[in-house]
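Structure first, commentary second.
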Amino acid sequence: MLITHRYLHLPVTTGAPSRRVALAVAGGPTREFDLELATDGPGDFRPFVDLGAWLGAQLTLTVDGQPAEITHLAFGDEIEGHQTLYREALRPQFHFTTRRGWINDPNGLCWLDGEWHLFFQHNPYGINWGNMHWGHAVSPDLLHWRELPIAVYPDAHGTCWSGSAVVDHDNTAGFGDGAMVLIYTAGGPAPCSQCLAVSPDGRQFTPYAANPVLPNIYDSNRDPKVYWHEGSGRWVMALYVDVPKPDLEGVTQTIQFFGSPNLKDWTHLSTLPGFYECPDWFELEVGASGERRWVVFAANGDYLVGDFDGAVFTPCQPLAKADWGKHRYAAQTFAEVPPADGRRIYIPWMNGGSYPGMPFNQQMGIPCELTLRRDGDRIALCKWPIRELAGLTAREQAWTDLELDAEGLALAEVGGELLDIELEFEPGTAAAVELTAAGQTIAWRAPGSLSCLGAEAPCPPEAGAVALRAVLDRASIEVFGQRGRWPLTSCFVPAGEAATPRLRAVGGPVRVTRLAARELRGVW
């Protein structure tokens, strides 16, 4: 067929048998992917293939290796359903979601030329995991995202699994000054390996001709996180590697460090046992003390604090947990930030939830700043929503020094589903303080726990006081106890119109020293 418009829409019925679809253009690449192809109608929805680079060319389409007639194909210059894009009933309004299809792990978080770049694991052709590509979006403020064309497609090395991005300011790799380099896992069919894709401008990416740059080590190795380590004058990669045990029973989960002068040639440096996939590692100051420590964490949020000399990470305290919510996984931090910024900003995948009838699946968490804080005899990793979130405030209601009882307080002026509520109180002898919003209850309970959406975190009073913050979007609640020390990140499916938020005390009065309730605007 002749390519006459930018987008080709393919009919999908979720749950239908998976078929192998191939799109080939003479003189160009072939795109191959698995599709739950609708055979007797338009299906549940129609994901799109961007053919803008091939306008005017002849396109050959095959299914399972054979020429095929597919009914309900449609070309268009706009994405089908663009009139209601981002306004769908269950679409999060300030958490990132893709236009169509599935997303999971954030990848390649980076800043370049005034833009924040978010890459992500992406199935453009269905609402379940599969067909892993690197999706791509950019933002001026970490909230207003604009989705760009696919950055990296599967190729002969396999589908594109998780990884990271760097800006090679000094041209160590020979790709050009300031080139953006993506470092990702190629998922096979051969055993997975580590590959590069390169862009001079953060828009068009070309796989490195000599991929892979780090061949397979053992059966499973993936998710490279790369930084320039100033002290040792080289690139350092943290990589998840399954290591066979001596008795060959099972595997040992490790993060292994590798060093390179040029992003192409890698040498093993050390091994850190006890972590599972999607590592990240970085240095932070402990409060404002001048003391600096390194943090290593993996997909489930478990983390270690310690020291790193450019080759070996040495923990200084036991393993700890960074988030107690039900839906936080595979978080990553930005490798590059503006020179005057200095923040360590991270984004998690909110792995879970359900979006019935929607043409997209899964969402990212709100970007947060990470800090280290002393908490008794240990150093704790804390997270707090980025300051840019305040720019979404539509209206605000505030109180100081009020007594809260069982009848409670209605936050009538900020009713709605998009909320940012901050609360500080002295619990005294009360049994609990409950905030009900969007049909869900966030509860602090004596002597010191915090719960929301079926998950619970410690949250003891500090100097007799408790500080809570809750950020609610259409399908998520992120709670931060004691200024980010005890976070809970979870999703839910809203049911009906959101009732007026309400705050109440249980089992005795509570003195509220500060309460600020903000209704937020969506970003779309």
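In the structure tokens, each chain is lettered A, B, ... as it comes, each chain's residues begin at 1, and ligands are numbered from 1 in order of appearance.
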If you take only C-alpha atoms and a cut-off of 8 Å, which residues of range 335-391 of chain A touch range 281-302 of chain A, and what are their nearest atom pairs and distances in Å to one decimal, in chain and number order, as JSON lines?
```
{"residue": "A:Arg344", "atom": "CA", "partner": "A:Leu284", "partner_atom": "CA", "distance": 7.9}
{"residue": "A:Thr371", "atom": "CA", "partner": "A:Leu284", "partner_atom": "CA", "distance": 6.8}
{"residue": "A:Leu372", "atom": "CA", "partner": "A:Val286", "partner_atom": "CA", "distance": 4.8}
{"residue": "A:Arg373", "atom": "CA", "partner": "A:Gly287", "partner_atom": "CA", "distance": 5.2}
{"residue": "A:Arg374", "atom": "CA", "partner": "A:Val286", "partner_atom": "CA", "distance": 7.0}
{"residue": "A:Ile379", "atom": "CA", "partner": "A:Val286", "partner_atom": "CA", "distance": 7.5}
```
What lies within 12 Å of range 462-469 of chain A using only C-alpha atoms, ignoring chain neighbours under 2 positions off, as a PyMOL selection string? chain A and resi 375-376+383-385+419-429+432-435+442-451+458-460+471-472+477-489+510-518
For Asn107 in chain A: contacts at 6 Å, only C-alpha atoms, fewer than 2 positions along chain excluded, given as a list of chain:residue names: A:Leu109, A:Phe119, A:Phe120, A:Ser162, A:Gly163, A:Ser164
Nearest to Val167 in chain A, chosen from A:Trp134, A:Phe492, A:Trp228, A:Phe360, with only C-alpha atoms counted in the distances: A:Trp228
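Of the residues listed (A:Phe33, A:Ala179, A:Gly274, A:Ala165), A:Phe33 shows the shortest atom-to-atom separation from Met132 in chain A; distances use only C-alpha atoms.
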CA of Phe96 in chain A sits from CA of Asp223 in chain A at a separation of 21.2 Å
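Proximity to Lys225 in chain A was assessed for A:Thr185, A:Ser199, A:Ser490, A:Gln121 counting only C-alpha atoms; the smallest distance is recorded for A:Thr185.
Here the question is which of A:Ala137, A:Ala197, A:Leu319, A:Ala173 gets nearest to Asp155 in chain A using only C-alpha atoms, and that residue is A:Ala197.
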Excluding same-chain residues fewer than 6 positions from Trp145 in chain A, what lies within 10 Å of it counting only C-alpha atoms, as a PyMOL selection string? chain A and resi 94-98+116-118+136-139+523-524
File of the preceding selection, N, CA and C atoms, as a short mmCIF file (atom, residue, chain, number, x, y, z; two decimals), in the first residue's frame:
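Saved as result16.cif:
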```cif
data_model
loop_
_atom_site.label_atom_id
_atom_site.label_comp_id
_atom_site.auth_asym_id
_atom_site.auth_seq_id
_atom_site.Cartn_x
_atom_site.Cartn_y
_atom_site.Cartn_z
N PHE A 94 -1.72 14.89 36.07
CA PHE A 94 -0.38 15.49 36.14
C PHE A 94 0.71 14.45 36.39
N HIS A 95 0.36 13.19 36.27
CA HIS A 95 1.34 12.11 36.22
C HIS A 95 1.50 11.69 34.76
N PHE A 96 2.74 11.37 34.37
CA PHE A 96 2.96 11.06 32.96
C PHE A 96 2.34 9.72 32.59
N THR A 97 1.62 9.72 31.48
CA THR A 97 1.14 8.51 30.82
C THR A 97 1.41 8.66 29.33
N THR A 98 1.52 7.54 28.64
CA THR A 98 1.74 7.59 27.21
C THR A 98 0.41 7.74 26.48
N TRP A 116 14.00 18.66 30.05
CA TRP A 116 14.10 17.39 30.78
C TRP A 116 13.65 16.28 29.84
N HIS A 117 14.45 15.22 29.76
CA HIS A 117 14.13 14.08 28.89
C HIS A 117 13.72 12.89 29.75
N LEU A 118 12.59 12.31 29.43
CA LEU A 118 12.10 11.09 30.05
C LEU A 118 11.98 10.03 28.96
N HIS A 136 9.71 8.22 24.48
CA HIS A 136 10.47 9.44 24.73
C HIS A 136 9.51 10.61 24.91
N ALA A 137 9.75 11.42 25.94
CA ALA A 137 8.98 12.64 26.17
C ALA A 137 9.92 13.71 26.72
N VAL A 138 9.57 14.96 26.50
CA VAL A 138 10.37 16.08 27.00
C VAL A 138 9.46 17.07 27.73
N SER A 139 10.08 17.84 28.64
CA SER A 139 9.32 18.79 29.45
C SER A 139 10.20 19.98 29.82
N VAL A 523 -2.25 19.16 33.69
CA VAL A 523 -1.19 19.70 32.83
C VAL A 523 -1.51 19.57 31.35
N TRP A 524 -2.59 18.88 31.00
CA TRP A 524 -2.85 18.62 29.59
C TRP A 524 -3.70 19.71 28.94
#
```
Report as JSON, numbers by chain all protein, DNA and RNA residues lying within 7 Å of Ser18 in chain A, evaluated on only C-alpha atoms, omitting residues in the same chain fewer than 2 positions from it. {"A": [16, 20, 34, 35, 36, 37]}
Could those residues be written to a file, using C-alpha atoms, as a tab-separated table (two decimals), in the first residue's frame?
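So the final result, stored in selection.tsv, reads:
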```
chain	number	residue	atom	x	y	z
A	16	ALA	CA	-6.96	-11.99	21.14
A	20	ARG	CA	3.55	-11.29	14.37
A	34	ASP	CA	3.43	-8.80	18.28
A	35	LEU	CA	-0.17	-7.63	18.03
A	36	GLU	CA	-3.43	-8.88	19.50
A	37	LEU	CA	-4.95	-8.41	16.09
```
